[in-house]
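Q: If you scroll down you'll find the structure; I have some questions about it.
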Amino acid sequence: MIIGRVVGSVVATRKNENLIGNKFLVVEPVEKFRANNSNIVAIDNVGAGIGETVLVALGSAARVGCNLPQAPVDAAIVGIVDSGTGWE
Amino acid sequence: MIIGRVVGSVVATRKNENLIGNKFLVVEPVEKFRANNSNIVAIDNVGAGIGETVLVALGSAARVGCNLPQAPVDAAIVGIVDSGTGWE
Amino acid sequence: MIIGRVVGSVVATRKNENLIGNKFLVVEPVEKFRANNSNIVAIDNVGAGIGETVLVALGSAARVGCNLPQAPVDAAIVGIVDSGTGWE
Amino acid sequence: MIIGRVVGSVVATRKNENLIGNKFLVVEPVEKFRANNSNIVAIDNVGAGIGETVLVALGSAARVGCNLPQAPVDAAIVGIVDSGTGWE
Amino acid sequence: MIIGRVVGSVVATRKNENLIGNKFLVVEPVEKFRANNSNIVAIDNVGAGIGETVLVALGSAARVGCNLPQAPVDAAIVGIVDSGTGWE
């Protein structure tokens, strides 16, 4: 998983039907997790808001782990980071 | 998922039979999602056109989430981006 | 999927038994898909030859989509590119 | 798999319910495995501690191989490295 | 798949039980496959030795294709490269 900050959201009216009902947030990885300088669009599985520091799962883990096995989802916010060490 | 713009298309007459009937579009990630400067060939799941800004799912999510579990597909356009913040 | 050119092949007499019978080709991504300057060894699912421009599927899509679900294959040539735009 | 050192931990009170009970450690890949300069948040499957050198599995292997098939986990510490060659 | 050379091995006494019985080798990708300058720890599926040039499968292919579907394995040596073109 990586740690990032929620910096925005995406509205897509026309979309795959298995995506309906999900919120799409834009996450910017924090510096130590900024592997390739790319932001990520992730669905929100925990009620995250703009500016919060979050834990993001990537790949099939996002889809299967958020009970959306048939949805085209490859990234999900799965935790709100309260505190910790080694990542700031 | 990442956000990109449709910049072209690909014609492949000879191909894996599970790919038949799909449209192959070339997507250029927008700057904040341009992890590695690489374009992507994605199947079109939502009727996207050249120049549109789209949401692209990568990996097994593309295949499973677009009801093509047996096709060799690793990227799919799954939404047309109307608006949003944090990605432009 | 990415687009590349077939630039060589690999011979491996001693190999995992689920790989037997496959042809291993070396693909060099074309410039706009050259994310990380790395070539790829892909199995050939469409009868590709040296010098041809091909469509390559990566990850579980290669294995599952080429009817090799039990083989240790993570890349497959799944189409011969005839023409297109946005990738040259 | 990659080799890294445990450099910290993450506390996330609000999280996906399938993550409850797991310890989240921050791993910094050692130099020869530092592909993209990014740290990783991994669950701990072997009782690792801060400062230890560990083996980390990435992708679906982390989830399936640690008996958490339904959890949004994409990285797991699966071994404590005692010794070896070619990685320091 | 990528091509690399076996440059070392890893000893991990304390490890996930599904890894027991496997040999962990360190593979350094050859130059044309050195996407991100990172070595890889792979299990050995073909009896490879230090210095040999090998074919490495990554991701779920390593686990499923080597008959270790429940092990946290994301890379496996699946062939010994005898000869070929386009990769040296």
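Going through the structure tokens in order, the chains are called A, B, and so on, while each chain numbers its residues from 1 and the ligands are numbered from 1 in the order shown.
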Give one line per residue of chain A that approaches chain D to at most 9 Å, naming the two atoms of the closest pair and their distance in Å to one decimal, counting only C-alpha atoms; sort by chain then ascending residue number and deliver it as a Markdown table.

A:
| residue | atom | partner | partner_atom | distance |
| --- | --- | --- | --- | --- |
| A:Met1 | CA | D:Val41 | CA | 4.9 |
| A:Ile2 | CA | D:Val41 | CA | 5.7 |
| A:Ile3 | CA | D:Val41 | CA | 7.6 |
| A:Glu31 | CA | D:Ser38 | CA | 8.3 |
| A:Lys32 | CA | D:Ser38 | CA | 5.5 |
| A:Phe33 | CA | D:Ser38 | CA | 4.5 |
| A:Arg34 | CA | D:Ser38 | CA | 5.9 |
| A:Ala35 | CA | D:Ser38 | CA | 4.7 |
| A:Asn36 | CA | D:Asn36 | CA | 6.7 |
| A:Asn45 | CA | D:Asn16 | CA | 6.8 |
| A:Val46 | CA | D:Lys15 | CA | 6.1 |
| A:Val54 | CA | D:Ala12 | CA | 8.5 |
| A:Leu55 | CA | D:Ala12 | CA | 8.2 |
| A:Val56 | CA | D:Pro72 | CA | 8.8 |
| A:Ala57 | CA | D:Pro72 | CA | 5.9 |
| A:Leu58 | CA | D:Asp74 | CA | 6.3 |
| A:Gly59 | CA | D:Gly59 | CA | 6.8 |
| A:Ser60 | CA | D:Ser60 | CA | 6.5 |
| A:Ala61 | CA | D:Pro72 | CA | 4.4 |
| A:Ala62 | CA | D:Pro72 | CA | 5.4 |
| A:Arg63 | CA | D:Pro72 | CA | 7.8 |
| A:Val64 | CA | D:Gln70 | CA | 6.0 |
| A:Gly65 | CA | D:Pro72 | CA | 4.0 |
| A:Cys66 | CA | D:Pro72 | CA | 6.6 |
| A:Asn67 | CA | D:Gln70 | CA | 7.9 |
| A:Ala76 | CA | D:Pro72 | CA | 8.2 |
| A:Ile77 | CA | D:Asn16 | CA | 8.7 |
| A:Val78 | CA | D:Asn16 | CA | 5.2 |
| A:Gly79 | CA | D:Lys15 | CA | 3.9 |
| A:Ile80 | CA | D:Ala12 | CA | 5.4 |
| A:Val81 | CA | D:Ala12 | CA | 4.5 |
| A:Asp82 | CA | D:Ala12 | CA | 5.2 |
| A:Ser83 | CA | D:Val11 | CA | 5.2 |
| A:Gly84 | CA | D:Val10 | CA | 4.2 |
| A:Thr85 | CA | D:Gly8 | CA | 4.6 |
| A:Gly86 | CA | D:Gly8 | CA | 4.3 |
| A:Trp87 | CA | D:Val26 | CA | 6.9 |

Q: Restricting the output to N, CA and C atoms, write the selected residues as a short mmCIF file (atom, residue, chain, number, x, y, z; two decimals), in the first residue's frame.

A:
data_model
loop_
_atom_site.label_atom_id
_atom_site.label_comp_id
_atom_site.auth_asym_id
_atom_site.auth_seq_id
_atom_site.Cartn_x
_atom_site.Cartn_y
_atom_site.Cartn_z
N MET A 1 0.84 -1.18 0.00
CA MET A 1 0.00 0.00 0.00
C MET A 1 0.88 1.24 0.00
N ILE A 2 0.31 2.34 -0.39
CA ILE A 2 1.07 3.59 -0.33
C ILE A 2 0.28 4.61 0.48
N ILE A 3 0.98 5.67 0.87
CA ILE A 3 0.34 6.75 1.62
C ILE A 3 0.30 8.00 0.75
N GLU A 31 5.78 12.34 -0.28
CA GLU A 31 7.07 12.31 -0.97
C GLU A 31 7.74 10.93 -0.96
N LYS A 32 7.76 10.27 0.18
CA LYS A 32 8.50 9.00 0.25
C LYS A 32 7.82 7.86 -0.49
N PHE A 33 6.62 8.10 -0.97
CA PHE A 33 5.90 7.07 -1.72
C PHE A 33 5.66 7.52 -3.17
N ARG A 34 6.31 8.62 -3.54
CA ARG A 34 6.08 9.19 -4.86
C ARG A 34 7.00 8.54 -5.88
N ALA A 35 6.76 7.28 -6.13
CA ALA A 35 7.63 6.48 -6.97
C ALA A 35 7.86 7.12 -8.32
N ASN A 36 6.82 7.57 -8.92
CA ASN A 36 6.94 7.98 -10.31
C ASN A 36 6.23 9.30 -10.60
N ASN A 45 -13.25 3.95 0.05
CA ASN A 45 -13.88 2.86 0.80
C ASN A 45 -14.08 3.20 2.28
N VAL A 46 -13.62 4.39 2.72
CA VAL A 46 -13.66 4.70 4.16
C VAL A 46 -14.20 6.08 4.51
N VAL A 54 -4.16 9.31 3.55
CA VAL A 54 -4.85 8.02 3.41
C VAL A 54 -3.91 6.90 2.99
N LEU A 55 -4.40 5.69 3.24
CA LEU A 55 -3.71 4.47 2.84
C LEU A 55 -4.41 3.97 1.58
N VAL A 56 -3.65 3.72 0.52
CA VAL A 56 -4.24 3.33 -0.76
C VAL A 56 -3.74 1.93 -1.14
N ALA A 57 -4.69 1.04 -1.46
CA ALA A 57 -4.34 -0.29 -1.96
C ALA A 57 -4.43 -0.28 -3.48
N LEU A 58 -3.49 -0.94 -4.13
CA LEU A 58 -3.41 -0.93 -5.58
C LEU A 58 -3.60 -2.33 -6.16
N GLY A 59 -4.05 -2.38 -7.40
CA GLY A 59 -4.16 -3.67 -8.09
C GLY A 59 -5.41 -4.42 -7.71
N SER A 60 -5.37 -5.75 -7.86
CA SER A 60 -6.56 -6.56 -7.60
C SER A 60 -7.01 -6.45 -6.15
N ALA A 61 -6.12 -6.08 -5.25
CA ALA A 61 -6.47 -5.89 -3.84
C ALA A 61 -7.58 -4.85 -3.68
N ALA A 62 -7.55 -3.80 -4.49
CA ALA A 62 -8.55 -2.73 -4.39
C ALA A 62 -9.94 -3.25 -4.73
N ARG A 63 -10.01 -4.00 -5.79
CA ARG A 63 -11.26 -4.55 -6.30
C ARG A 63 -11.80 -5.63 -5.37
N VAL A 64 -10.99 -6.62 -5.10
CA VAL A 64 -11.42 -7.79 -4.31
C VAL A 64 -11.61 -7.40 -2.84
N GLY A 65 -10.71 -6.58 -2.34
CA GLY A 65 -10.74 -6.23 -0.91
C GLY A 65 -11.83 -5.25 -0.54
N CYS A 66 -12.44 -4.60 -1.52
CA CYS A 66 -13.52 -3.65 -1.22
C CYS A 66 -14.86 -4.20 -1.67
N ASN A 67 -14.92 -5.49 -1.85
CA ASN A 67 -16.17 -6.16 -2.19
C ASN A 67 -16.76 -5.69 -3.53
N ALA A 76 -7.91 1.84 -4.34
CA ALA A 76 -8.94 2.16 -3.36
C ALA A 76 -8.31 2.74 -2.10
N ILE A 77 -8.99 3.74 -1.56
CA ILE A 77 -8.59 4.30 -0.26
C ILE A 77 -9.16 3.37 0.79
N VAL A 78 -8.28 2.72 1.57
CA VAL A 78 -8.74 1.69 2.50
C VAL A 78 -8.46 2.04 3.96
N GLY A 79 -7.89 3.21 4.22
CA GLY A 79 -7.66 3.63 5.60
C GLY A 79 -7.35 5.12 5.66
N ILE A 80 -7.68 5.73 6.83
CA ILE A 80 -7.30 7.12 7.10
C ILE A 80 -6.10 7.04 8.04
N VAL A 81 -4.99 7.63 7.66
CA VAL A 81 -3.78 7.55 8.48
C VAL A 81 -3.86 8.54 9.63
N ASP A 82 -3.79 8.02 10.87
CA ASP A 82 -3.83 8.87 12.06
C ASP A 82 -2.43 9.34 12.43
N SER A 83 -1.51 8.39 12.46
CA SER A 83 -0.14 8.72 12.86
C SER A 83 0.77 7.60 12.38
N GLY A 84 2.04 7.72 12.73
CA GLY A 84 2.98 6.70 12.29
C GLY A 84 4.37 7.29 12.15
N THR A 85 5.31 6.44 11.72
CA THR A 85 6.69 6.88 11.55
C THR A 85 7.24 6.30 10.25
N GLY A 86 8.23 6.95 9.71
CA GLY A 86 8.92 6.40 8.55
C GLY A 86 8.31 6.75 7.22
N TRP A 87 7.32 7.58 7.24
CA TRP A 87 6.71 7.89 5.94
C TRP A 87 6.62 9.38 5.65
#

Q: Among chain E, which residues does DSSP mark as strand (DSSP E) when it is run on the backbone? Keep the chain and numbering as in the structure and answer as a ChimeraX atom specification.

A: /E:2-11,24-29,40-44,53-58,75-80,83-84

Q: Using the chain letters and numbers from this document, which residues of chain E does DSSP assign to helix (DSSP H, G or I), as an MDAnalysis selection string?

A: chainID E and resid 17:19 31:33 60:65

Q: Between atom CA of Ile20 of chain B and atom CA of Asn22 of chain C, what is the distance, to one decimal in Å?

A: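 Separation of atom CA of Ile20 of chain B and atom CA of Asn22 of chain C: 22.3 Å.
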